[in-house]
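A quick write-up on the structure given underneath.
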Amino acid sequence: MKYNETKYRPLVQGAMKQMQVKLDNLAKPVKGLGRLEELADHLAGIYGTVDFNVKPRKCLVFAADNGVVEEGVSASPQKITAIQAVNMMKGHTAVAALAKAFDCAVQVYDLGINADLRSPLVEEHKISYSTKDMLVEPAMTRQEAMEAFQFGFEMGIKAFEEGNQVIAVGELGMGNTTAASAIVAAALGKTGEEVAGRGSNISDERLKHKIDVINRSLARAGFTNRKINDALEILSEVGAYELGAMAGAILAAGVMHKPVLLDGFLSYSAALLANLIVPGITDYMIPTHKSKEHGSQIVLEALKLNPYIDIDMCVGEGSGAMMILPWLDGIKSVLDNMNTLQEMDFNFIP
């Protein structure tokens, strides 16, 4: 199956209504669980039933380097991508530690790390050793962009076929907040000033330079003051392999009628691309937390997504997505263990 030939089923409204009736009939105040009930309703609509499981689950982390780092937009050296890819699989990065705490598998996929890892822990599908410098030429060919979308799509399908009931998406890649900002700007017709943030905690001076690089990259691609609706064109001109793969995995969730947990700003850019390819695929996205990265609110409003958590996280890797997992477990426990009003026989009239 091709990533761009997919169709998705809209949320099952009947299951969502059935879930709310079930929640209202539990021995608690009506709507007493707040947004936990909103999330339960959403999950019922995705799965098409009130009787679903939220385990096992897997975080798919796509890794690649980005040629735009040659322009000095990142405070971190490129070698970190390779080091952290292996370190993550050994269980020692933020997402790995959180995933262990919350019972979630993690797999790193190398699409374009600028090094030979020679690690059996990291699954390799190297499209190239890094993208090109998007300031001076397209970040990748259209064929490479399609390959990134397709690989992420296939890994998402594979994760669900292995029995996972939920997937999360994450990334590794120096310079990818610059690419993500350019993607958002291109898709929404914005400028670098409106969408770019500090990424790897860069200085004011470097942020100004980063914004200039984004705006000049958009101009080179012919995207200035335009809203581009072609996800393939956006990804190939100003994108990143890892962000394209994330978009593909998001599309897979829609095909398989399962939820995908977004992380922060980088995943929002991938979500924009996915929604350009299959409008309405946002139905299958769970917006876990509100990224601290500048520009996040613009994307969330465009996608009509309202994150559940805001704790100023901006690590990336999929780490923020892990923070919603206790909510999923809580929903499952509530549905499985709480008494109904009838069982308790409180004998009261609401």
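If you're wondering about the labels, chains in the structure tokens are A, B, ... by order shown, residues count from 1 in each chain, ligands from 1 in order shown.
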
### Task
Based on DSSP run over this structure's backbone, return all residues of stretch 113-204 of chain A in helix (DSSP H, G or I), as a PyMOL selection string.
chain A and resi 142-161+176-188+192-195+204

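Excluding A:Val106 itself and any same-chain residue fewer than 4 positions from it, the protein and nucleic acid residues within 9 Å of it, counting only C-alpha atoms, are A:Arg57, A:Lys58, A:Cys59, A:Leu60, A:Val61, A:Met88, A:Met89, A:Gly91, A:Val95, A:Ala96, A:Ala99, A:Lys100.
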
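Each of A:Lys332, A:Lys208, A:His42, A:Arg220 was compared to A:Met134 using only C-alpha atoms, and A:Arg220 turns out to be the nearest.
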
Query - Residues near A:Leu23, cut-off 9 Å, only C-alpha atoms, skip fewer than 4 positions along chain, as an NGL selection string - result: :A and (18-19 or 27-28 or 30-31 or 33 or 37 or 40 or 334-335 or 340)

Write the residues of the selection above to a file with N, CA, C and O atoms, as a PDB file, in the first residue's frame.
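This went into selection_39.pdb:
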```pdb
ATOM      1  N   GLN A  18     -21.633   6.223  22.929  1.00  0.00           N
ATOM      2  CA  GLN A  18     -21.736   5.077  23.841  1.00  0.00           C
ATOM      3  C   GLN A  18     -20.730   5.199  24.983  1.00  0.00           C
ATOM      4  O   GLN A  18     -21.037   4.886  26.139  1.00  0.00           O
ATOM      5  N   MET A  19     -19.524   5.680  24.668  1.00  0.00           N
ATOM      6  CA  MET A  19     -18.511   5.870  25.700  1.00  0.00           C
ATOM      7  C   MET A  19     -18.961   6.918  26.712  1.00  0.00           C
ATOM      8  O   MET A  19     -18.821   6.715  27.937  1.00  0.00           O
ATOM      9  N   ALA A  27     -19.998   5.478  38.953  1.00  0.00           N
ATOM     10  CA  ALA A  27     -20.277   6.050  40.281  1.00  0.00           C
ATOM     11  C   ALA A  27     -19.363   7.239  40.565  1.00  0.00           C
ATOM     12  O   ALA A  27     -18.404   7.160  41.343  1.00  0.00           O
ATOM     13  N   LYS A  28     -19.668   8.344  39.913  1.00  0.00           N
ATOM     14  CA  LYS A  28     -18.906   9.588  40.044  1.00  0.00           C
ATOM     15  C   LYS A  28     -19.778  10.724  39.527  1.00  0.00           C
ATOM     16  O   LYS A  28     -20.798  10.488  38.869  1.00  0.00           O
ATOM     17  N   VAL A  30     -21.144  13.425  37.043  1.00  0.00           N
ATOM     18  CA  VAL A  30     -21.156  13.501  35.581  1.00  0.00           C
ATOM     19  C   VAL A  30     -20.081  14.478  35.116  1.00  0.00           C
ATOM     20  O   VAL A  30     -19.961  15.592  35.647  1.00  0.00           O
ATOM     21  N   LYS A  31     -19.269  14.040  34.152  1.00  0.00           N
ATOM     22  CA  LYS A  31     -18.129  14.793  33.608  1.00  0.00           C
ATOM     23  C   LYS A  31     -17.058  15.064  34.668  1.00  0.00           C
ATOM     24  O   LYS A  31     -16.189  15.922  34.489  1.00  0.00           O
ATOM     25  N   LEU A  33     -14.450  13.515  35.515  1.00  0.00           N
ATOM     26  CA  LEU A  33     -13.064  13.217  35.148  1.00  0.00           C
ATOM     27  C   LEU A  33     -12.508  14.188  34.109  1.00  0.00           C
ATOM     28  O   LEU A  33     -11.406  13.994  33.589  1.00  0.00           O
ATOM     29  N   GLU A  37     -12.231  12.236  30.256  1.00  0.00           N
ATOM     30  CA  GLU A  37     -13.424  11.733  29.567  1.00  0.00           C
ATOM     31  C   GLU A  37     -13.408  12.131  28.095  1.00  0.00           C
ATOM     32  O   GLU A  37     -13.811  11.355  27.222  1.00  0.00           O
ATOM     33  N   ALA A  40     -11.184   9.701  26.473  1.00  0.00           N
ATOM     34  CA  ALA A  40     -11.849   8.400  26.368  1.00  0.00           C
ATOM     35  C   ALA A  40     -12.817   8.382  25.193  1.00  0.00           C
ATOM     36  O   ALA A  40     -12.883   7.408  24.432  1.00  0.00           O
ATOM     37  N   VAL A 334     -10.287   2.913  34.788  1.00  0.00           N
ATOM     38  CA  VAL A 334     -11.615   3.443  35.137  1.00  0.00           C
ATOM     39  C   VAL A 334     -12.707   2.593  34.496  1.00  0.00           C
ATOM     40  O   VAL A 334     -13.690   2.197  35.146  1.00  0.00           O
ATOM     41  N   LEU A 335     -12.538   2.304  33.215  1.00  0.00           N
ATOM     42  CA  LEU A 335     -13.556   1.534  32.496  1.00  0.00           C
ATOM     43  C   LEU A 335     -13.662   0.098  33.018  1.00  0.00           C
ATOM     44  O   LEU A 335     -14.749  -0.483  33.059  1.00  0.00           O
ATOM     45  N   THR A 340     -20.792   0.941  38.562  1.00  0.00           N
ATOM     46  CA  THR A 340     -21.824   1.776  37.952  1.00  0.00           C
ATOM     47  C   THR A 340     -22.748   2.309  39.045  1.00  0.00           C
ATOM     48  O   THR A 340     -22.750   1.818  40.190  1.00  0.00           O
TER      49      THR A 340
END
```

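The shortest atom-to-atom distance to A:Phe265, with only C-alpha atoms taken into account, belongs to A:Glu171 out of A:Asp41, A:Asp329, A:Glu171, A:Glu137.
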
- Task: Write out as a VMD selection string the residues lying within 12 Å of A:Gly48, counting only C-alpha atoms and excluding same-chain residues fewer than 4 positions away.
- Result: chain A and resid 9 to 19 40 to 44 52 to 53 256 to 259 284

Given the selection you just returned, output its residues as a file containing N, CA and C atoms, formatted as a PDB file, in the first residue's frame.
```
ATOM      1  N   ARG A   9     -11.192   6.099   7.867  1.00  0.00           N
ATOM      2  CA  ARG A   9     -12.574   6.113   8.338  1.00  0.00           C
ATOM      3  C   ARG A   9     -12.739   7.252   9.338  1.00  0.00           C
ATOM      4  N   PRO A  10     -13.739   8.104   9.161  1.00  0.00           N
ATOM      5  CA  PRO A  10     -13.978   9.146  10.160  1.00  0.00           C
ATOM      6  C   PRO A  10     -14.254   8.517  11.524  1.00  0.00           C
ATOM      7  N   LEU A  11     -14.118   9.303  12.563  1.00  0.00           N
ATOM      8  CA  LEU A  11     -14.393   8.810  13.910  1.00  0.00           C
ATOM      9  C   LEU A  11     -15.792   8.204  13.988  1.00  0.00           C
ATOM     10  N   VAL A  12     -15.921   7.109  14.731  1.00  0.00           N
ATOM     11  CA  VAL A  12     -17.205   6.415  14.869  1.00  0.00           C
ATOM     12  C   VAL A  12     -18.022   7.139  15.946  1.00  0.00           C
ATOM     13  N   GLN A  13     -18.954   7.958  15.494  1.00  0.00           N
ATOM     14  CA  GLN A  13     -19.719   8.805  16.421  1.00  0.00           C
ATOM     15  C   GLN A  13     -20.547   7.972  17.396  1.00  0.00           C
ATOM     16  N   GLY A  14     -21.067   6.847  16.919  1.00  0.00           N
ATOM     17  CA  GLY A  14     -21.876   5.992  17.792  1.00  0.00           C
ATOM     18  C   GLY A  14     -21.078   5.475  18.975  1.00  0.00           C
ATOM     19  N   ALA A  15     -19.832   5.089  18.722  1.00  0.00           N
ATOM     20  CA  ALA A  15     -18.972   4.593  19.798  1.00  0.00           C
ATOM     21  C   ALA A  15     -18.625   5.711  20.775  1.00  0.00           C
ATOM     22  N   MET A  16     -18.454   6.921  20.268  1.00  0.00           N
ATOM     23  CA  MET A  16     -18.140   8.056  21.130  1.00  0.00           C
ATOM     24  C   MET A  16     -19.319   8.368  22.061  1.00  0.00           C
ATOM     25  N   LYS A  17     -20.530   8.319  21.510  1.00  0.00           N
ATOM     26  CA  LYS A  17     -21.719   8.559  22.339  1.00  0.00           C
ATOM     27  C   LYS A  17     -21.900   7.449  23.364  1.00  0.00           C
ATOM     28  N   GLN A  18     -21.633   6.223  22.929  1.00  0.00           N
ATOM     29  CA  GLN A  18     -21.736   5.077  23.841  1.00  0.00           C
ATOM     30  C   GLN A  18     -20.730   5.199  24.983  1.00  0.00           C
ATOM     31  N   MET A  19     -19.524   5.680  24.668  1.00  0.00           N
ATOM     32  CA  MET A  19     -18.511   5.870  25.700  1.00  0.00           C
ATOM     33  C   MET A  19     -18.961   6.918  26.712  1.00  0.00           C
ATOM     34  N   ALA A  40     -11.184   9.701  26.473  1.00  0.00           N
ATOM     35  CA  ALA A  40     -11.849   8.400  26.368  1.00  0.00           C
ATOM     36  C   ALA A  40     -12.817   8.382  25.193  1.00  0.00           C
ATOM     37  N   ASP A  41     -13.583   9.449  25.047  1.00  0.00           N
ATOM     38  CA  ASP A  41     -14.516   9.554  23.921  1.00  0.00           C
ATOM     39  C   ASP A  41     -13.771   9.513  22.588  1.00  0.00           C
ATOM     40  N   HIS A  42     -12.661  10.243  22.522  1.00  0.00           N
ATOM     41  CA  HIS A  42     -11.855  10.285  21.298  1.00  0.00           C
ATOM     42  C   HIS A  42     -11.327   8.901  20.952  1.00  0.00           C
ATOM     43  N   LEU A  43     -10.807   8.198  21.948  1.00  0.00           N
ATOM     44  CA  LEU A  43     -10.286   6.852  21.713  1.00  0.00           C
ATOM     45  C   LEU A  43     -11.380   5.909  21.233  1.00  0.00           C
ATOM     46  N   ALA A  44     -12.566   6.016  21.809  1.00  0.00           N
ATOM     47  CA  ALA A  44     -13.683   5.174  21.365  1.00  0.00           C
ATOM     48  C   ALA A  44     -14.006   5.441  19.905  1.00  0.00           C
ATOM     49  N   PHE A  52     -11.638  -1.316  24.279  1.00  0.00           N
ATOM     50  CA  PHE A  52     -10.348  -1.300  23.583  1.00  0.00           C
ATOM     51  C   PHE A  52      -9.214  -1.479  24.578  1.00  0.00           C
ATOM     52  N   ASN A  53      -8.024  -1.771  24.044  1.00  0.00           N
ATOM     53  CA  ASN A  53      -6.819  -1.892  24.846  1.00  0.00           C
ATOM     54  C   ASN A  53      -5.846  -0.785  24.478  1.00  0.00           C
ATOM     55  N   MET A 256      -5.076   2.002   9.963  1.00  0.00           N
ATOM     56  CA  MET A 256      -5.270   0.873  10.886  1.00  0.00           C
ATOM     57  C   MET A 256      -6.313   1.153  11.971  1.00  0.00           C
ATOM     58  N   HIS A 257      -6.928   2.345  11.925  1.00  0.00           N
ATOM     59  CA  HIS A 257      -7.947   2.719  12.923  1.00  0.00           C
ATOM     60  C   HIS A 257      -7.412   2.631  14.343  1.00  0.00           C
ATOM     61  N   LYS A 258      -6.211   3.195  14.526  1.00  0.00           N
ATOM     62  CA  LYS A 258      -5.556   3.203  15.823  1.00  0.00           C
ATOM     63  C   LYS A 258      -5.023   4.618  16.101  1.00  0.00           C
ATOM     64  N   PRO A 259      -4.816   4.963  17.369  1.00  0.00           N
ATOM     65  CA  PRO A 259      -4.334   6.305  17.685  1.00  0.00           C
ATOM     66  C   PRO A 259      -2.831   6.466  17.535  1.00  0.00           C
ATOM     67  N   TYR A 284      -7.155  10.956  13.973  1.00  0.00           N
ATOM     68  CA  TYR A 284      -6.421   9.855  14.599  1.00  0.00           C
ATOM     69  C   TYR A 284      -5.234  10.325  15.434  1.00  0.00           C
TER      70      TYR A 284
END
```

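With distances restricted to only C-alpha atoms, A:Thr178 is the closest residue to A:Arg206 from A:Leu261, A:Thr178, A:Gly112, A:Asn164.
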
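With only C-alpha atoms as the atoms that count, the minimum distance from A:Gly244 to the choices A:Ile298, A:Val315, A:Val278, A:Ala179 is reached by A:Ala179.
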
Exercise: A:Gly192 partners within 12 Å, only C-alpha atoms, chain neighbours under 6 positions left out, as a PyMOL selection string:
chain A and resi 177-186+198+207-219+223-225+294-295

Resulting file, chosen residues, N, CA, C and O atoms, as a compact mmCIF listing (two decimals), in the first residue's frame:
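Here's the written file again22.txt:
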```txt
# COMPACT_ATOMS: atom_id res chain seq x y z
N THR A 177 14.59 21.52 13.81
CA THR A 177 13.58 22.55 14.13
C THR A 177 13.58 23.65 13.06
O THR A 177 12.55 24.28 12.83
N THR A 178 14.71 23.85 12.41
CA THR A 178 14.75 24.80 11.29
C THR A 178 13.92 24.27 10.13
O THR A 178 13.11 25.00 9.53
N ALA A 179 14.08 22.98 9.82
CA ALA A 179 13.28 22.36 8.77
C ALA A 179 11.80 22.36 9.13
O ALA A 179 10.94 22.67 8.29
N ALA A 180 11.49 22.03 10.38
CA ALA A 180 10.09 22.00 10.82
C ALA A 180 9.46 23.38 10.72
O ALA A 180 8.31 23.52 10.28
N SER A 181 10.21 24.41 11.10
CA SER A 181 9.70 25.77 11.00
C SER A 181 9.43 26.15 9.55
O SER A 181 8.42 26.80 9.24
N ALA A 182 10.32 25.75 8.65
CA ALA A 182 10.13 26.04 7.23
C ALA A 182 8.92 25.30 6.67
O ALA A 182 8.16 25.84 5.86
N ILE A 183 8.72 24.06 7.12
CA ILE A 183 7.55 23.28 6.70
C ILE A 183 6.27 23.98 7.14
O ILE A 183 5.33 24.16 6.35
N VAL A 184 6.23 24.39 8.39
CA VAL A 184 5.05 25.07 8.92
C VAL A 184 4.80 26.38 8.17
O VAL A 184 3.66 26.68 7.79
N ALA A 185 5.87 27.15 7.95
CA ALA A 185 5.73 28.41 7.23
C ALA A 185 5.19 28.18 5.82
O ALA A 185 4.29 28.91 5.36
N ALA A 186 5.71 27.18 5.15
CA ALA A 186 5.27 26.89 3.78
C ALA A 186 3.82 26.43 3.73
O ALA A 186 3.04 26.86 2.88
N ARG A 198 13.70 28.62 19.44
CA ARG A 198 15.09 28.48 19.82
C ARG A 198 15.65 27.07 19.66
O ARG A 198 16.85 26.87 19.80
N LEU A 207 19.20 32.96 16.89
CA LEU A 207 17.79 32.88 16.51
C LEU A 207 17.49 33.82 15.36
O LEU A 207 16.78 33.45 14.41
N LYS A 208 18.02 35.03 15.42
CA LYS A 208 17.82 35.98 14.33
C LYS A 208 18.38 35.42 13.03
O LYS A 208 17.76 35.53 11.96
N HIS A 209 19.54 34.80 13.12
CA HIS A 209 20.17 34.19 11.94
C HIS A 209 19.31 33.01 11.44
O HIS A 209 19.12 32.85 10.23
N LYS A 210 18.80 32.21 12.36
CA LYS A 210 17.96 31.07 11.99
C LYS A 210 16.72 31.53 11.23
O LYS A 210 16.35 30.94 10.21
N ILE A 211 16.10 32.59 11.71
CA ILE A 211 14.92 33.14 11.04
C ILE A 211 15.27 33.60 9.63
O ILE A 211 14.53 33.35 8.67
N ASP A 212 16.43 34.24 9.49
CA ASP A 212 16.88 34.70 8.17
C ASP A 212 17.10 33.51 7.24
O ASP A 212 16.71 33.56 6.06
N VAL A 213 17.69 32.44 7.75
CA VAL A 213 17.92 31.24 6.94
C VAL A 213 16.60 30.64 6.48
O VAL A 213 16.45 30.24 5.31
N ILE A 214 15.63 30.60 7.37
CA ILE A 214 14.31 30.06 7.02
C ILE A 214 13.67 30.91 5.93
O ILE A 214 13.18 30.38 4.91
N ASN A 215 13.67 32.22 6.11
CA ASN A 215 13.04 33.10 5.12
C ASN A 215 13.73 33.02 3.76
O ASN A 215 13.07 32.98 2.72
N ARG A 216 15.05 32.95 3.76
CA ARG A 216 15.79 32.85 2.50
C ARG A 216 15.58 31.49 1.85
O ARG A 216 15.53 31.37 0.62
N SER A 217 15.43 30.45 2.67
CA SER A 217 15.15 29.12 2.12
C SER A 217 13.76 29.09 1.47
O SER A 217 13.58 28.48 0.40
N LEU A 218 12.81 29.70 2.13
CA LEU A 218 11.46 29.78 1.56
C LEU A 218 11.48 30.55 0.24
O LEU A 218 10.82 30.16 -0.73
N ALA A 219 12.26 31.64 0.20
CA ALA A 219 12.37 32.44 -1.03
C ALA A 219 13.02 31.62 -2.15
O ALA A 219 12.58 31.67 -3.30
N PHE A 223 8.44 29.94 -2.10
CA PHE A 223 7.33 29.78 -1.15
C PHE A 223 6.95 31.07 -0.43
O PHE A 223 5.97 31.09 0.31
N THR A 224 7.69 32.15 -0.63
CA THR A 224 7.43 33.38 0.11
C THR A 224 6.02 33.90 -0.16
O THR A 224 5.57 33.99 -1.31
N ASN A 225 5.31 34.24 0.93
CA ASN A 225 3.94 34.78 0.84
C ASN A 225 2.98 33.86 0.10
O ASN A 225 2.01 34.30 -0.52
N HIS A 294 8.44 28.03 20.07
CA HIS A 294 7.70 29.13 19.45
C HIS A 294 7.07 28.64 18.14
O HIS A 294 7.67 27.91 17.38
N GLY A 295 5.86 29.03 17.89
CA GLY A 295 5.18 28.62 16.66
C GLY A 295 4.24 27.46 16.87
O GLY A 295 3.41 27.17 16.01
```

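Nearest residue to A:Asp204, choosing from A:Ala75, A:Ala321, A:Val68, A:Met285 and counting only C-alpha atoms: A:Ala75.
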
Shell of 7 Å around A:Thr81, only C-alpha atoms, local chain residues under 6 positions omitted, as number ranges by chain:
A: 65, 113, 172-174

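Using only C-alpha atoms, the nearest neighbour of A:Thr141 within the list A:Met246, A:Leu232, A:Ala187, A:Leu251 is A:Leu232.
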
Selection: 9 Å around A:Phe151, only C-alpha atoms, excl. self and same-chain fewer than 4 positions, as a ChimeraX atom specification: /A:3,111,125,146-147,155-156,244-245,248-249

Could those selected residues go to a file with all heavy atoms, as a PDB file, in the first residue's frame?
```
ATOM      1  N   TYR A   3       1.588   5.290   0.711  1.00  0.00           N
ATOM      2  CA  TYR A   3       1.183   6.262   1.727  1.00  0.00           C
ATOM      3  C   TYR A   3       0.149   7.255   1.211  1.00  0.00           C
ATOM      4  O   TYR A   3      -0.720   7.713   1.958  1.00  0.00           O
ATOM      5  CB  TYR A   3       2.413   7.017   2.245  1.00  0.00           C
ATOM      6  CG  TYR A   3       2.936   8.074   1.283  1.00  0.00           C
ATOM      7  CD1 TYR A   3       2.461   9.386   1.329  1.00  0.00           C
ATOM      8  CD2 TYR A   3       3.888   7.764   0.310  1.00  0.00           C
ATOM      9  CE1 TYR A   3       2.928  10.346   0.429  1.00  0.00           C
ATOM     10  CE2 TYR A   3       4.353   8.701  -0.575  1.00  0.00           C
ATOM     11  CZ  TYR A   3       3.874   9.996  -0.518  1.00  0.00           C
ATOM     12  OH  TYR A   3       4.330  10.939  -1.395  1.00  0.00           O
ATOM     13  N   LEU A 111      17.310   7.054   8.928  1.00  0.00           N
ATOM     14  CA  LEU A 111      17.000   7.386   7.539  1.00  0.00           C
ATOM     15  C   LEU A 111      18.081   8.227   6.884  1.00  0.00           C
ATOM     16  O   LEU A 111      18.127   8.310   5.663  1.00  0.00           O
ATOM     17  CB  LEU A 111      15.671   8.160   7.445  1.00  0.00           C
ATOM     18  CG  LEU A 111      14.392   7.350   7.581  1.00  0.00           C
ATOM     19  CD1 LEU A 111      14.011   7.191   9.042  1.00  0.00           C
ATOM     20  CD2 LEU A 111      13.252   8.013   6.826  1.00  0.00           C
ATOM     21  N   HIS A 125      17.614   2.359   7.437  1.00  0.00           N
ATOM     22  CA  HIS A 125      17.033   2.546   6.108  1.00  0.00           C
ATOM     23  C   HIS A 125      17.554   3.889   5.610  1.00  0.00           C
ATOM     24  O   HIS A 125      16.825   4.871   5.537  1.00  0.00           O
ATOM     25  CB  HIS A 125      15.504   2.541   6.165  1.00  0.00           C
ATOM     26  CG  HIS A 125      14.864   2.636   4.815  1.00  0.00           C
ATOM     27  ND1 HIS A 125      14.533   1.530   4.058  1.00  0.00           N
ATOM     28  CD2 HIS A 125      14.518   3.699   4.073  1.00  0.00           C
ATOM     29  CE1 HIS A 125      13.997   1.915   2.920  1.00  0.00           C
ATOM     30  NE2 HIS A 125      13.979   3.242   2.893  1.00  0.00           N
ATOM     31  N   MET A 146       9.385  10.980  -1.194  1.00  0.00           N
ATOM     32  CA  MET A 146       8.401   9.898  -1.238  1.00  0.00           C
ATOM     33  C   MET A 146       8.887   8.690  -0.445  1.00  0.00           C
ATOM     34  O   MET A 146       8.103   8.031   0.243  1.00  0.00           O
ATOM     35  CB  MET A 146       8.121   9.494  -2.695  1.00  0.00           C
ATOM     36  CG  MET A 146       7.262  10.485  -3.452  1.00  0.00           C
ATOM     37  SD  MET A 146       6.706   9.872  -5.074  1.00  0.00           S
ATOM     38  CE  MET A 146       8.233   9.970  -5.996  1.00  0.00           C
ATOM     39  N   GLU A 147      10.196   8.439  -0.514  1.00  0.00           N
ATOM     40  CA  GLU A 147      10.763   7.303   0.225  1.00  0.00           C
ATOM     41  C   GLU A 147      10.632   7.511   1.730  1.00  0.00           C
ATOM     42  O   GLU A 147      10.342   6.572   2.475  1.00  0.00           O
ATOM     43  CB  GLU A 147      12.225   7.107  -0.162  1.00  0.00           C
ATOM     44  CG  GLU A 147      12.837   5.836   0.407  1.00  0.00           C
ATOM     45  CD  GLU A 147      14.246   5.574  -0.100  1.00  0.00           C
ATOM     46  OE1 GLU A 147      14.683   6.245  -1.049  1.00  0.00           O
ATOM     47  OE2 GLU A 147      14.909   4.674   0.479  1.00  0.00           O
ATOM     48  N   MET A 155       6.525   1.457   8.483  1.00  0.00           N
ATOM     49  CA  MET A 155       6.901   1.133   9.861  1.00  0.00           C
ATOM     50  C   MET A 155       5.702   1.296  10.800  1.00  0.00           C
ATOM     51  O   MET A 155       5.565   0.552  11.775  1.00  0.00           O
ATOM     52  CB  MET A 155       8.067   2.002  10.320  1.00  0.00           C
ATOM     53  CG  MET A 155       9.387   1.707   9.629  1.00  0.00           C
ATOM     54  SD  MET A 155       9.895  -0.047   9.722  1.00  0.00           S
ATOM     55  CE  MET A 155       9.334  -0.672   8.109  1.00  0.00           C
ATOM     56  N   GLY A 156       4.833   2.255  10.501  1.00  0.00           N
ATOM     57  CA  GLY A 156       3.617   2.401  11.288  1.00  0.00           C
ATOM     58  C   GLY A 156       2.696   1.211  11.116  1.00  0.00           C
ATOM     59  O   GLY A 156       2.189   0.642  12.101  1.00  0.00           O
ATOM     60  N   GLY A 244       9.348  13.636   7.390  1.00  0.00           N
ATOM     61  CA  GLY A 244       8.542  12.950   6.389  1.00  0.00           C
ATOM     62  C   GLY A 244       8.124  11.572   6.865  1.00  0.00           C
ATOM     63  O   GLY A 244       6.980  11.151   6.684  1.00  0.00           O
ATOM     64  N   ALA A 245       9.060  10.860   7.497  1.00  0.00           N
ATOM     65  CA  ALA A 245       8.750   9.525   8.014  1.00  0.00           C
ATOM     66  C   ALA A 245       7.712   9.605   9.123  1.00  0.00           C
ATOM     67  O   ALA A 245       6.814   8.747   9.215  1.00  0.00           O
ATOM     68  CB  ALA A 245      10.023   8.853   8.520  1.00  0.00           C
ATOM     69  N   GLY A 248       4.407   9.865   7.566  1.00  0.00           N
ATOM     70  CA  GLY A 248       3.979   8.570   7.050  1.00  0.00           C
ATOM     71  C   GLY A 248       3.413   7.681   8.135  1.00  0.00           C
ATOM     72  O   GLY A 248       2.396   6.997   7.941  1.00  0.00           O
ATOM     73  N   ALA A 249       4.050   7.668   9.304  1.00  0.00           N
ATOM     74  CA  ALA A 249       3.561   6.852  10.422  1.00  0.00           C
ATOM     75  C   ALA A 249       2.194   7.343  10.899  1.00  0.00           C
ATOM     76  O   ALA A 249       1.337   6.541  11.281  1.00  0.00           O
ATOM     77  CB  ALA A 249       4.564   6.884  11.568  1.00  0.00           C
TER      78      ALA A 249
END
```
